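upload13.pdb, holding PDB, C-alpha atoms:
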```pdb
ATOM      1  CA  MET A 122       0.000   0.000   0.000
ATOM      2  CA  ALA A 123       1.305   3.433  -0.950
ATOM      3  CA  LYS A 124       2.560   5.659   1.854
ATOM      4  CA  GLY A 125       0.789   8.965   2.432
ATOM      5  CA  LEU A 126       2.574  12.269   2.919
ATOM      6  CA  LEU A 127      -0.057  13.623   5.325
ATOM      7  CA  VAL A 128       0.191  10.555   7.578
ATOM      8  CA  THR A 129       3.974  10.882   7.534
ATOM      9  CA  TYR A 130       3.822  14.510   8.667
ATOM     10  CA  VAL A 131       1.361  13.625  11.463
ATOM     11  CA  LEU A 132       3.632  10.854  12.749
ATOM     12  CA  TRP A 133       6.631  13.186  12.430
ATOM     13  CA  ALA A 134       4.879  15.793  14.602
ATOM     14  CA  VAL A 135       3.543  13.313  17.183
ATOM     15  CA  GLY A 136       6.424  10.879  17.554
ATOM     16  CA  GLY A 137       9.204  12.234  15.378
ATOM     17  CA  PRO A 138      12.034  12.012  17.963
ATOM     18  CA  ALA A 139      11.070   8.358  18.514
ATOM     19  CA  GLY A 140      11.212   7.602  14.779
ATOM     20  CA  LEU A 141       7.518   6.728  14.258
ATOM     21  CA  HIS A 142       7.427   8.247  10.770
ATOM     22  CA  HIS A 143      10.500   6.259   9.729
ATOM     23  CA  LEU A 144       8.898   3.080  11.067
ATOM     24  CA  TYR A 145       5.801   3.849   8.979
ATOM     25  CA  LEU A 146       7.943   4.343   5.836
ATOM     26  CA  GLY A 147       9.903   1.120   6.400
ATOM     27  CA  ARG A 148      13.142   2.929   7.275
ATOM     28  CA  ASP A 149      13.917   0.780  10.306
ATOM     29  CA  SER A 150      17.595   1.780  10.594
ATOM     30  CA  HIS A 151      16.607   5.443  10.616
ATOM     31  CA  ALA A 152      13.892   4.717  13.191
ATOM     32  CA  LEU A 153      16.390   2.976  15.492
ATOM     33  CA  LEU A 154      18.859   5.830  15.094
ATOM     34  CA  TRP A 155      16.217   8.345  16.122
ATOM     35  CA  MET A 156      15.132   6.150  19.075
ATOM     36  CA  LEU A 157      18.700   6.029  20.399
ATOM     37  CA  THR A 158      19.499   9.713  19.834
ATOM     38  CA  LEU A 159      16.030  11.281  20.346
ATOM     39  CA  GLY A 160      15.851  12.528  16.815
ATOM     40  CA  GLY A 161      19.499  13.455  16.525
ATOM     41  CA  GLY A 162      19.312  15.715  19.564
ATOM     42  CA  GLY A 163      16.228  17.391  18.093
ATOM     43  CA  LEU A 164      18.191  19.012  15.278
ATOM     44  CA  GLY A 165      17.853  16.083  12.873
ATOM     45  CA  TRP A 166      14.141  15.825  13.602
ATOM     46  CA  LEU A 167      13.551  19.491  12.768
ATOM     47  CA  TRP A 168      15.720  19.323   9.656
ATOM     48  CA  GLU A 169      13.657  16.391   8.336
ATOM     49  CA  PHE A 170      10.592  18.605   7.888
ATOM     50  CA  TRP A 171      11.823  19.481   4.399
ATOM     51  CA  LYS A 172      12.978  15.938   3.578
ATOM     52  CA  LEU A 173       9.751  14.041   4.265
ATOM     53  CA  PRO A 174       8.359  14.280   0.681
ATOM     54  CA  SER A 175      11.509  12.666  -0.714
ATOM     55  CA  PHE A 176      11.368   9.972   2.004
ATOM     56  CA  VAL A 177       7.764   9.137   1.054
ATOM     57  CA  ALA A 178       8.615   9.016  -2.660
ATOM     58  CA  GLN A 179      11.585   6.757  -1.939
ATOM     59  CA  ALA A 180       9.439   4.390   0.141
ATOM     60  CA  ASN A 181       6.794   4.155  -2.592
ATOM     61  CA  ARG A 182       9.433   3.468  -5.250
ATOM     62  CA  ALA A 183      10.935   0.728  -3.091
ATOM     63  CA  GLN A 184       7.530  -0.974  -2.794
ATOM     64  CA  GLY A 185       7.234  -1.143  -6.598
ATOM     65  CA  GLN A 186      10.674  -2.630  -7.156
ATOM     66  CA  ARG A 187      11.275  -6.341  -7.487
ATOM     67  CA  ARG A 188      13.823  -8.256  -5.488
ATOM     68  CA  GLY A 189      17.338  -7.566  -6.587
ATOM     69  CA  SER A 190      20.248  -5.224  -6.149
ATOM     70  CA  ARG A 191      20.444  -1.726  -7.529
ATOM     71  CA  GLY A 192      23.579  -1.070  -9.538
ATOM     72  CA  GLY A 193      26.007   1.798  -9.159
ATOM     73  CA  THR A 194      27.490   3.555  -6.154
ATOM     74  CA  PRO A 195      25.616   6.138  -4.062
ATOM     75  CA  PRO A 196      27.004   9.683  -4.245
ATOM     76  CA  LEU A 197      29.389  10.766  -1.500
ATOM     77  CA  SER A 198      27.612  12.648   1.276
ATOM     78  CA  LEU A 199      29.544  14.831   3.700
ATOM     79  CA  ILE A 200      26.456  15.050   5.930
ATOM     80  CA  ARG A 201      26.278  11.264   6.211
ATOM     81  CA  PHE A 202      30.027  11.112   6.888
ATOM     82  CA  ALA A 203      29.743  13.704   9.683
ATOM     83  CA  ALA A 204      26.765  11.838  11.138
ATOM     84  CA  GLN A 205      28.744   8.593  11.100
ATOM     85  CA  MET A 206      31.562  10.274  13.003
ATOM     86  CA  ILE A 207      29.226  11.788  15.615
ATOM     87  CA  VAL A 208      27.157   8.642  16.182
ATOM     88  CA  GLY A 209      30.300   6.507  16.323
ATOM     89  CA  ILE A 210      31.668   8.767  19.076
ATOM     90  CA  TYR A 211      28.287   8.683  20.828
ATOM     91  CA  PHE A 212      28.158   4.873  20.795
ATOM     92  CA  GLY A 213      31.747   4.782  22.038
ATOM     93  CA  LEU A 214      30.954   7.057  24.994
ATOM     94  CA  VAL A 215      27.953   4.919  25.938
ATOM     95  CA  ALA A 216      30.142   1.809  25.759
ATOM     96  CA  LEU A 217      32.763   3.485  27.981
ATOM     97  CA  ILE A 218      30.124   4.140  30.625
ATOM     98  CA  SER A 219      28.507   0.691  30.369
ATOM     99  CA  PHE A 220      31.287  -1.800  29.645
ATOM    100  CA  SER A 221      34.656  -0.249  30.541
ATOM    101  CA  PHE A 222      35.013  -2.697  33.433
ATOM    102  CA  MET A 223      35.378  -5.600  30.991
ATOM    103  CA  ALA A 224      38.761  -7.131  30.263
ATOM    104  CA  ASN A 225      40.218  -6.140  26.876
ATOM    105  CA  PHE A 226      37.510  -3.501  26.522
ATOM    106  CA  TYR A 227      39.683  -1.096  24.510
ATOM    107  CA  ILE A 228      40.615  -3.858  22.052
ATOM    108  CA  VAL A 229      37.203  -5.525  21.614
ATOM    109  CA  GLY A 230      34.302  -3.638  23.193
ATOM    110  CA  LEU A 231      35.151  -0.060  22.214
ATOM    111  CA  PRO A 232      35.897  -0.611  18.485
ATOM    112  CA  LEU A 233      32.843  -2.865  18.194
ATOM    113  CA  ALA A 234      30.558  -0.210  19.698
ATOM    114  CA  VAL A 235      31.978   2.615  17.571
ATOM    115  CA  GLY A 236      31.834   0.484  14.420
ATOM    116  CA  LEU A 237      28.197  -0.442  15.028
ATOM    117  CA  GLY A 238      27.316   3.232  15.466
ATOM    118  CA  VAL A 239      28.977   4.071  12.141
ATOM    119  CA  LEU A 240      27.228   1.157  10.395
ATOM    120  CA  LEU A 241      23.850   2.239  11.765
ATOM    121  CA  VAL A 242      24.176   5.628  10.062
ATOM    122  CA  ALA A 243      25.548   3.960   6.911
ATOM    123  CA  ALA A 244      22.356   1.842   6.718
ATOM    124  CA  VAL A 245      19.976   4.823   6.842
ATOM    125  CA  GLY A 246      17.682   5.103   3.818
ATOM    126  CA  ASN A 247      18.418   3.047   0.710
ATOM    127  CA  GLN A 248      22.153   2.763   1.365
ATOM    128  CA  THR A 249      24.369   0.458   3.387
ATOM    129  CA  SER A 250      28.040  -0.450   3.688
ATOM    130  CA  ASP A 251      30.309  -3.434   4.148
ATOM    131  CA  VAL A 252      30.188  -4.714   7.728
ATOM    132  CA  LYS A 253      33.461  -6.660   7.722
ATOM    133  CA  ASN A 254      35.593  -3.857   6.295
ATOM    134  CA  THR A 255      34.069  -1.187   8.552
ATOM    135  CA  LEU A 256      34.481  -3.230  11.733
ATOM    136  CA  GLY A 257      37.935  -4.331  10.579
ATOM    137  CA  ALA A 258      39.043  -0.710  10.273
ATOM    138  CA  ALA A 259      37.689  -0.003  13.771
ATOM    139  CA  PHE A 260      39.560  -2.938  15.319
ATOM    140  CA  LEU A 261      42.816  -2.119  13.516
ATOM    141  CA  THR A 262      42.671   1.475  14.800
ATOM    142  CA  SER A 263      41.856   0.547  18.412
ATOM    143  CA  PRO A 264      45.511   0.376  19.626
ATOM    144  CA  ILE A 265      45.895   4.128  18.934
ATOM    145  CA  PHE A 266      45.612   5.960  22.290
ATOM    146  CA  TYR A 267      45.019   2.564  23.886
ATOM    147  CA  GLY A 268      43.456   2.805  27.325
ATOM    148  CA  ARG A 269      42.308   6.431  26.887
ATOM    149  CA  PRO A 270      38.813   7.724  26.099
ATOM    150  CA  ILE A 271      40.272   9.810  23.273
ATOM    151  CA  ALA A 272      40.751   6.528  21.359
ATOM    152  CA  ILE A 273      37.129   6.919  20.267
ATOM    153  CA  LEU A 274      38.075   9.673  17.797
ATOM    154  CA  PRO A 275      40.555   7.795  15.546
ATOM    155  CA  ILE A 276      38.391   4.661  15.662
ATOM    156  CA  SER A 277      35.308   6.581  14.556
ATOM    157  CA  LEU A 278      37.266   8.411  11.841
ATOM    158  CA  ALA A 279      38.746   5.216  10.384
ATOM    159  CA  ALA A 280      35.413   3.370  10.477
ATOM    160  CA  SER A 281      33.573   6.310   8.861
ATOM    161  CA  ILE A 282      36.106   6.617   6.035
ATOM    162  CA  THR A 283      35.912   2.862   5.387
ATOM    163  CA  ALA A 284      32.102   2.876   5.454
ATOM    164  CA  GLN A 285      32.048   5.686   2.891
ATOM    165  CA  LYS A 286      34.566   3.866   0.698
ATOM    166  CA  HIS A 287      32.446   0.701   0.627
ATOM    167  CA  ARG A 288      29.026   2.372   0.404
ATOM    168  CA  ARG A 289      26.428   0.738  -1.825
ATOM    169  CA  TYR A 290      22.685   0.579  -2.385
ATOM    170  CA  LYS A 291      20.620  -1.906  -0.418
ATOM    171  CA  ALA A 292      19.242  -4.940  -2.159
ATOM    172  CA  SER A 293      15.467  -4.821  -2.629
ATOM    173  CA  VAL A 294      13.717  -7.352  -0.388
ATOM    174  CA  GLY A 295      10.147  -8.328   0.309
ATOM    175  CA  SER A 296       8.119  -6.652   3.041
ATOM    176  CA  GLU A 297       8.248  -8.049   6.582
ATOM    177  CA  MET A 298       5.526  -8.261   9.174
ATOM    178  CA  LEU A 299       5.340  -5.264  11.505
ATOM    179  CA  SER A 300       5.614  -7.520  14.567
ATOM    180  CA  VAL A 301       8.928  -8.933  13.335
ATOM    181  CA  ARG A 302      10.305  -5.465  12.676
ATOM    182  CA  LEU A 303       9.192  -4.193  16.098
ATOM    183  CA  TYR A 304      10.711  -7.245  17.798
ATOM    184  CA  ARG A 305      14.062  -6.627  16.095
ATOM    185  CA  LEU A 306      14.012  -2.923  16.922
ATOM    186  CA  GLY A 307      13.069  -3.671  20.531
ATOM    187  CA  LEU A 308      15.999  -6.053  20.976
ATOM    188  CA  ALA A 309      18.412  -3.517  19.512
ATOM    189  CA  TYR A 310      17.033  -0.756  21.745
ATOM    190  CA  LEU A 311      17.302  -2.897  24.885
ATOM    191  CA  ALA A 312      20.845  -3.979  23.967
ATOM    192  CA  PHE A 313      21.836  -0.311  23.811
ATOM    193  CA  THR A 314      19.938   1.129  26.776
ATOM    194  CA  GLY A 315      19.933  -1.849  29.173
ATOM    195  CA  PRO A 316      23.618  -1.777  30.248
ATOM    196  CA  LEU A 317      23.577   2.020  30.339
ATOM    197  CA  ALA A 318      20.506   2.097  32.588
ATOM    198  CA  TYR A 319      22.049  -0.526  34.886
ATOM    199  CA  SER A 320      25.246   1.502  35.254
ATOM    200  CA  ILE A 321      23.337   4.701  36.004
ATOM    201  CA  LEU A 322      20.838   3.191  38.466
ATOM    202  CA  CYS A 323      23.011   0.623  40.245
ATOM    203  CA  ASN A 324      26.413   2.296  40.143
ATOM    204  CA  THR A 325      25.552   5.981  40.040
ATOM    205  CA  THR A 326      28.633   7.381  41.771
ATOM    206  CA  ALA A 327      31.108   5.470  39.638
ATOM    207  CA  THR A 328      29.147   6.325  36.489
ATOM    208  CA  LEU A 329      29.186  10.065  37.253
ATOM    209  CA  SER A 330      32.900   9.952  38.025
ATOM    210  CA  TYR A 331      33.648   8.131  34.809
ATOM    211  CA  VAL A 332      31.501  10.498  32.735
ATOM    212  CA  ALA A 333      33.352  13.443  34.273
ATOM    213  CA  GLU A 334      36.717  11.801  33.602
ATOM    214  CA  THR A 335      35.795  10.985  29.995
ATOM    215  CA  LEU A 336      34.461  14.475  29.234
ATOM    216  CA  GLY A 337      37.445  16.048  30.951
ATOM    217  CA  SER A 338      39.917  13.989  28.918
ATOM    218  CA  ILE A 339      38.221  14.866  25.633
ATOM    219  CA  LEU A 340      37.893  18.568  26.466
ATOM    220  CA  SER A 341      41.533  18.658  27.617
ATOM    221  CA  TRP A 342      42.657  17.117  24.345
ATOM    222  CA  PHE A 343      40.607  19.652  22.373
ATOM    223  CA  SER A 344      42.292  22.481  24.290
ATOM    224  CA  LEU A 345      45.104  22.161  21.728
ATOM    225  CA  PHE A 346      42.561  23.263  19.113
ATOM    226  CA  PRO A 347      40.467  26.121  20.596
ATOM    227  CA  PHE A 348      38.017  26.266  17.685
ATOM    228  CA  LEU A 349      37.259  22.536  17.896
ATOM    229  CA  GLY A 350      36.927  22.809  21.668
ATOM    230  CA  HIS A 351      34.302  25.553  21.409
ATOM    231  CA  PHE A 352      32.544  23.571  18.660
ATOM    232  CA  LEU A 353      32.404  20.469  20.880
ATOM    233  CA  GLU A 354      30.921  22.446  23.758
ATOM    234  CA  SER A 355      28.319  23.885  21.365
ATOM    235  CA  VAL A 356      27.402  20.367  20.219
ATOM    236  CA  CYS A 357      26.976  19.266  23.848
ATOM    237  CA  LEU A 358      24.675  22.243  24.454
ATOM    238  CA  LEU A 359      22.618  21.672  21.301
ATOM    239  CA  PRO A 360      20.020  19.227  22.732
ATOM    240  CA  TYR A 361      19.504  21.492  25.757
ATOM    241  CA  ARG A 362      19.067  24.575  23.572
ATOM    242  CA  THR A 363      16.616  22.726  21.311
ATOM    243  CA  TRP A 364      14.584  21.618  24.306
ATOM    244  CA  ARG A 365      14.437  25.130  25.751
ATOM    245  CA  LEU A 366      13.272  26.416  22.377
ATOM    246  CA  LEU A 367      10.530  23.805  22.025
ATOM    247  CA  VAL A 368       9.109  24.363  25.517
ATOM    248  CA  GLY A 369       8.632  28.039  24.832
ATOM    249  CA  ASN A 370      11.665  29.858  26.190
ATOM    250  CA  PRO A 371      13.476  31.214  23.112
ATOM    251  CA  GLY A 372      15.317  33.867  25.106
ATOM    252  CA  PHE A 373      18.473  32.240  26.360
ATOM    253  CA  SER A 374      19.573  34.125  29.424
ATOM    254  CA  SER A 375      22.460  33.149  31.653
ATOM    255  CA  SER A 376      20.077  31.259  33.953
ATOM    256  CA  SER A 377      19.164  28.955  31.078
ATOM    257  CA  PHE A 378      22.543  27.244  31.277
ATOM    258  CA  GLN A 379      22.659  26.381  34.984
ATOM    259  CA  GLU A 380      22.544  22.645  34.277
ATOM    260  CA  TRP A 381      25.478  22.886  31.853
ATOM    261  CA  GLU A 382      27.408  25.073  34.276
ATOM    262  CA  LYS A 383      26.993  22.442  37.008
ATOM    263  CA  LEU A 384      28.266  19.707  34.697
ATOM    264  CA  TYR A 385      31.137  21.914  33.564
ATOM    265  CA  GLU A 386      32.105  22.640  37.174
ATOM    266  CA  LEU A 387      31.928  18.923  37.996
ATOM    267  CA  VAL A 388      34.275  18.078  35.137
ATOM    268  CA  GLN A 389      36.659  20.895  36.044
ATOM    269  CA  SER A 390      36.741  20.047  39.761
ATOM    270  CA  PHE A 391      37.270  16.372  38.989
ATOM    271  CA  GLN A 392      40.194  17.235  36.724
ATOM    272  CA  GLU A 393      41.693  19.563  39.361
ATOM    273  CA  GLU A 394      41.471  16.836  42.006
ATOM    274  CA  LYS A 395      43.134  14.322  39.693
ATOM    275  CA  HIS A 396      46.051  16.675  39.036
ATOM    276  CA  GLN A 397      46.493  17.395  42.760
ATOM    277  CA  LEU A 398      46.629  13.671  43.570
ATOM    278  CA  ALA A 399      49.038  13.070  40.686
ATOM    279  CA  HIS A 400      51.409  15.741  42.036
ATOM    280  CA  GLN A 401      51.230  14.135  45.489
ATOM    281  CA  VAL A 402      52.061  10.686  44.107
ATOM    282  CA  LEU A 403      55.139  12.019  42.311
ATOM    283  CA  GLY A 404      56.103  14.227  45.259
ATOM    284  CA  LEU A 405      55.913  17.428  43.224
ATOM    285  CA  SER A 406      54.344  20.831  43.781
ATOM    286  CA  GLU A 407      51.921  22.718  41.549
ATOM    287  CA  GLY A 408      53.522  24.570  38.664
ATOM    288  CA  THR A 409      56.268  21.995  38.081
ATOM    289  CA  THR A 410      57.640  22.010  34.537
ATOM    290  CA  ASN A 411      57.270  19.081  32.134
ATOM    291  CA  GLU A 412      61.002  18.391  32.321
ATOM    292  CA  GLU A 413      60.860  18.087  36.127
ATOM    293  CA  ILE A 414      57.822  15.794  35.888
ATOM    294  CA  HIS A 415      59.588  13.605  33.347
ATOM    295  CA  ARG A 416      62.778  13.421  35.434
ATOM    296  CA  ARG A 417      60.914  12.643  38.658
ATOM    297  CA  TYR A 418      58.872   9.944  36.902
ATOM    298  CA  HIS A 419      61.985   8.097  35.740
ATOM    299  CA  GLU A 420      63.540   8.335  39.204
ATOM    300  CA  LEU A 421      60.473   6.815  40.879
ATOM    301  CA  VAL A 422      60.069   4.134  38.217
ATOM    302  CA  LYS A 423      63.626   2.944  38.830
ATOM    303  CA  THR A 424      63.064   2.988  42.576
ATOM    304  CA  TRP A 425      59.739   1.116  42.613
ATOM    305  CA  HIS A 426      60.104  -1.214  39.659
ATOM    306  CA  PRO A 427      58.935  -4.696  40.804
ATOM    307  CA  ASP A 428      62.103  -6.310  39.427
ATOM    308  CA  HIS A 429      64.169  -4.167  41.815
ATOM    309  CA  ASN A 430      61.996  -4.919  44.863
ATOM    310  CA  LEU A 431      61.656  -8.678  44.994
ATOM    311  CA  HIS A 432      61.393  -8.576  48.805
ATOM    312  CA  GLN A 433      58.234  -6.368  48.641
ATOM    313  CA  THR A 434      56.680  -7.229  45.296
ATOM    314  CA  GLU A 435      53.064  -6.324  46.095
ATOM    315  CA  GLU A 436      53.898  -2.897  47.529
ATOM    316  CA  ALA A 437      56.273  -2.155  44.653
ATOM    317  CA  GLN A 438      53.624  -3.153  42.100
ATOM    318  CA  ARG A 439      51.083  -0.847  43.748
ATOM    319  CA  HIS A 440      53.483   2.125  43.792
ATOM    320  CA  PHE A 441      54.606   1.391  40.235
ATOM    321  CA  LEU A 442      51.025   1.495  38.906
ATOM    322  CA  GLU A 443      50.242   4.673  40.858
ATOM    323  CA  ILE A 444      53.345   6.388  39.452
ATOM    324  CA  GLN A 445      52.438   5.431  35.887
ATOM    325  CA  ALA A 446      48.844   6.667  36.313
ATOM    326  CA  ALA A 447      50.021   9.957  37.841
ATOM    327  CA  TYR A 448      52.532  10.533  35.042
ATOM    328  CA  GLU A 449      49.881   9.856  32.405
ATOM    329  CA  ILE A 450      47.552  12.439  33.981
ATOM    330  CA  LEU A 451      50.224  15.136  34.184
ATOM    331  CA  SER A 452      51.406  14.401  30.634
ATOM    332  CA  GLN A 453      48.026  15.225  29.112
ATOM    333  CA  PRO A 454      47.419  18.788  27.818
ATOM    334  CA  ARG A 455      45.633  20.808  30.461
ATOM    335  CA  LYS A 456      43.002  23.433  29.732
ATOM    336  CA  PRO A 457      43.371  26.510  31.971
ATOM    337  CA  ARG A 458      40.512  26.909  34.374
ATOM    338  CA  GLY A 459      37.873  29.286  33.060
ATOM    339  CA  SER A 460      39.418  29.564  29.600
ATOM    340  CA  GLY A 461      36.292  28.201  27.927
ATOM    341  CA  ARG A 462      33.946  30.791  29.393
TER     342      ARG A 462
END
```
Represent the structure of the file as structure tokens.
Amino acid sequence: MAKGLLVTYVLWAVGGPAGLHHLYLGRDSHALLWMLTLGGGGLGWLWEFWKLPSFVAQANRAQGQRRGSRGGTPPLSLIRFAAQMIVGIYFGLVALISFSFMANFYIVGLPLAVGLGVLLVAAVGNQTSDVKNTLGAAFLTSPIFYGRPIAILPISLAASITAQKHRRYKASVGSEMLSVRLYRLGLAYLAFTGPLAYSILCNTTATLSYVAETLGSILSWFSLFPFLGHFLESVCLLPYRTWRLLVGNPGFSSSSFQEWEKLYELVQSFQEEKHQLAHQVLGLSEGTTNEEIHRRYHELVKTWHPDHNLHQTEEAQRHFLEIQAAYEILSQPRKPRGSGR
């Protein structure tokens, strides 16, 4: 049965952020993407207002096609590439919060999560990409920045480039029952939100600390590139700004950003505390130069290396790990407090 434009607009207005209109048009990948991102933070949902006629026409053409594969290669889309990057990073952050306790997480769990996020965007509409090559690129890139949250960026970049290189049109298939499609979407939604909800509800303190640490690491890395840092903060504020606009408060005063200010202060205070503890572990004072930090690190490593302390192996191992963690914290670029205001 042909899809109606009026029905599509009604579903877009009523349940657009949940992807109801995409479910109606048979765009299940797009529906799942909207379910997991609330309509792309609201921005994607609003932008779709002008795209709905083409979506309806595409769905009606697909219903009239026979089974088979469409020839040719889809045109390169910078918007799709940017969306793959953003969603890949988003999936990676969710995985960091939910599964970082797992062994070999940075080698298996993180690249898998980022790669699946990239593939989800690649499968939107009538296009798709090669699963093996995209995930392979993600796994091969995972050793870069191993053990750090910033590893999400090169993994997402490599997977997005590979997905664009191997883009193709989807093969035309017969229609499936709505119950089967809803069952598949429900499983995918629970697989994404279940571990995240468990971490937030059952391990709230650790989850908040890890979110602060992850955001702080990423923002500190972006301090090397001020423009990108401000852009990232604007992206983080985008869903909040969209929400304030939709609920009828278009005038953004300073009081409108209290929630963001609290989160920003939490991240900053957490980073300050980490640097203070790192200085204490290395026996250094605030304001120490990078050369002094490097020299002190090598002195302590020689002193507390487990191979040099066979009579107190456990204590030496504990000190050795603390020294390495402290040196890693102090080696990262640090954003001056208040510089982003």
Resolved residues for the PyMOL selection byres ((chain A and resi 405) around 12) as a VMD selection string | chain A and resid 396 to 404 406 to 411 413 to 418 421 444 447 to 448 451
Take the residues that were just selected and, keeping C-alpha atoms, output them as a PDB file, in the coordinates of the input.
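Generated output (part.pdb):
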```pdb
ATOM      1  CA  HIS A 396      46.051  16.675  39.036  1.00  0.00           C
ATOM      2  CA  GLN A 397      46.493  17.395  42.760  1.00  0.00           C
ATOM      3  CA  LEU A 398      46.629  13.671  43.570  1.00  0.00           C
ATOM      4  CA  ALA A 399      49.038  13.070  40.686  1.00  0.00           C
ATOM      5  CA  HIS A 400      51.409  15.741  42.036  1.00  0.00           C
ATOM      6  CA  GLN A 401      51.230  14.135  45.489  1.00  0.00           C
ATOM      7  CA  VAL A 402      52.061  10.686  44.107  1.00  0.00           C
ATOM      8  CA  LEU A 403      55.139  12.019  42.311  1.00  0.00           C
ATOM      9  CA  GLY A 404      56.103  14.227  45.259  1.00  0.00           C
ATOM     10  CA  SER A 406      54.344  20.831  43.781  1.00  0.00           C
ATOM     11  CA  GLU A 407      51.921  22.718  41.549  1.00  0.00           C
ATOM     12  CA  GLY A 408      53.522  24.570  38.664  1.00  0.00           C
ATOM     13  CA  THR A 409      56.268  21.995  38.081  1.00  0.00           C
ATOM     14  CA  THR A 410      57.640  22.010  34.537  1.00  0.00           C
ATOM     15  CA  ASN A 411      57.270  19.081  32.134  1.00  0.00           C
ATOM     16  CA  GLU A 413      60.860  18.087  36.127  1.00  0.00           C
ATOM     17  CA  ILE A 414      57.822  15.794  35.888  1.00  0.00           C
ATOM     18  CA  HIS A 415      59.588  13.605  33.347  1.00  0.00           C
ATOM     19  CA  ARG A 416      62.778  13.421  35.434  1.00  0.00           C
ATOM     20  CA  ARG A 417      60.914  12.643  38.658  1.00  0.00           C
ATOM     21  CA  TYR A 418      58.872   9.944  36.902  1.00  0.00           C
ATOM     22  CA  LEU A 421      60.473   6.815  40.879  1.00  0.00           C
ATOM     23  CA  ILE A 444      53.345   6.388  39.452  1.00  0.00           C
ATOM     24  CA  ALA A 447      50.021   9.957  37.841  1.00  0.00           C
ATOM     25  CA  TYR A 448      52.532  10.533  35.042  1.00  0.00           C
ATOM     26  CA  LEU A 451      50.224  15.136  34.184  1.00  0.00           C
TER      27      LEU A 451
END
```
Explicit residue set for the PyMOL selection byres ((chain A and resi 195-206) around 9), as a VMD selection string = chain A and resid 193 to 194 207 to 211 235 238 to 243 248 274 277 to 278 280 to 282 284 to 286 288 to 290
Just C-alpha atoms for this one: save the residues we selected as a short mmCIF file (atom, residue, chain, number, x, y, z; two decimals), in the frame of the given file.
```
data_model
loop_
_atom_site.label_atom_id
_atom_site.label_comp_id
_atom_site.auth_asym_id
_atom_site.auth_seq_id
_atom_site.Cartn_x
_atom_site.Cartn_y
_atom_site.Cartn_z
CA GLY A 193 26.01 1.80 -9.16
CA THR A 194 27.49 3.56 -6.15
CA ILE A 207 29.23 11.79 15.62
CA VAL A 208 27.16 8.64 16.18
CA GLY A 209 30.30 6.51 16.32
CA ILE A 210 31.67 8.77 19.08
CA TYR A 211 28.29 8.68 20.83
CA VAL A 235 31.98 2.62 17.57
CA GLY A 238 27.32 3.23 15.47
CA VAL A 239 28.98 4.07 12.14
CA LEU A 240 27.23 1.16 10.40
CA LEU A 241 23.85 2.24 11.76
CA VAL A 242 24.18 5.63 10.06
CA ALA A 243 25.55 3.96 6.91
CA GLN A 248 22.15 2.76 1.36
CA LEU A 274 38.08 9.67 17.80
CA SER A 277 35.31 6.58 14.56
CA LEU A 278 37.27 8.41 11.84
CA ALA A 280 35.41 3.37 10.48
CA SER A 281 33.57 6.31 8.86
CA ILE A 282 36.11 6.62 6.04
CA ALA A 284 32.10 2.88 5.45
CA GLN A 285 32.05 5.69 2.89
CA LYS A 286 34.57 3.87 0.70
CA ARG A 288 29.03 2.37 0.40
CA ARG A 289 26.43 0.74 -1.82
CA TYR A 290 22.68 0.58 -2.38
#
```
Selection result of the PyMOL selection byres ((chain A and resi 127) around 12) on this file, as a PyMOL selection string | chain A and resi 124-126+128-134+142+145+173-174+177
Can you spit out the residues from that selection as a PDB file, in the frame of the given file, using C-alpha atoms?
```pdb
ATOM      1  CA  LYS A 124       2.560   5.659   1.854  1.00  0.00           C
ATOM      2  CA  GLY A 125       0.789   8.965   2.432  1.00  0.00           C
ATOM      3  CA  LEU A 126       2.574  12.269   2.919  1.00  0.00           C
ATOM      4  CA  VAL A 128       0.191  10.555   7.578  1.00  0.00           C
ATOM      5  CA  THR A 129       3.974  10.882   7.534  1.00  0.00           C
ATOM      6  CA  TYR A 130       3.822  14.510   8.667  1.00  0.00           C
ATOM      7  CA  VAL A 131       1.361  13.625  11.463  1.00  0.00           C
ATOM      8  CA  LEU A 132       3.632  10.854  12.749  1.00  0.00           C
ATOM      9  CA  TRP A 133       6.631  13.186  12.430  1.00  0.00           C
ATOM     10  CA  ALA A 134       4.879  15.793  14.602  1.00  0.00           C
ATOM     11  CA  HIS A 142       7.427   8.247  10.770  1.00  0.00           C
ATOM     12  CA  TYR A 145       5.801   3.849   8.979  1.00  0.00           C
ATOM     13  CA  LEU A 173       9.751  14.041   4.265  1.00  0.00           C
ATOM     14  CA  PRO A 174       8.359  14.280   0.681  1.00  0.00           C
ATOM     15  CA  VAL A 177       7.764   9.137   1.054  1.00  0.00           C
TER      16      VAL A 177
END
```
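Separating atom CA of Ile276 of chain A from atom CA of Met156 of chain A is a distance of 23.6 Å.
Distance-wise, atom CA of Ala224 of chain A and atom CA of Pro270 of chain A end up 15.4 Å apart.
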Which residues, written as number ranges by chain, have at least one atom at most 7 Å from segment 315-323 of chain A, with only C-alpha atoms counted and residues fewer than 4 positions away on the same chain left out?
-> A: 215, 218-219, 311, 328
Using only C-alpha atoms, please write the residues we just selected to a file, as a short mmCIF file (atom, residue, chain, number, x, y, z; two decimals), in the coordinates of the input.
```cif
data_model
loop_
_atom_site.label_atom_id
_atom_site.label_comp_id
_atom_site.auth_asym_id
_atom_site.auth_seq_id
_atom_site.Cartn_x
_atom_site.Cartn_y
_atom_site.Cartn_z
CA VAL A 215 27.95 4.92 25.94
CA ILE A 218 30.12 4.14 30.62
CA SER A 219 28.51 0.69 30.37
CA LEU A 311 17.30 -2.90 24.88
CA THR A 328 29.15 6.32 36.49
#
```
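Put simply, atom CA of Glu412 of chain A is 25.7 Å away from atom CA of Asp428 of chain A.
Of the listed residues A:Gly307, A:Gly147, A:Gly162, A:Pro232, the one whose atoms come nearest to Asn247 of chain A is A:Gly147, with distances taken using all atoms listed in the file.
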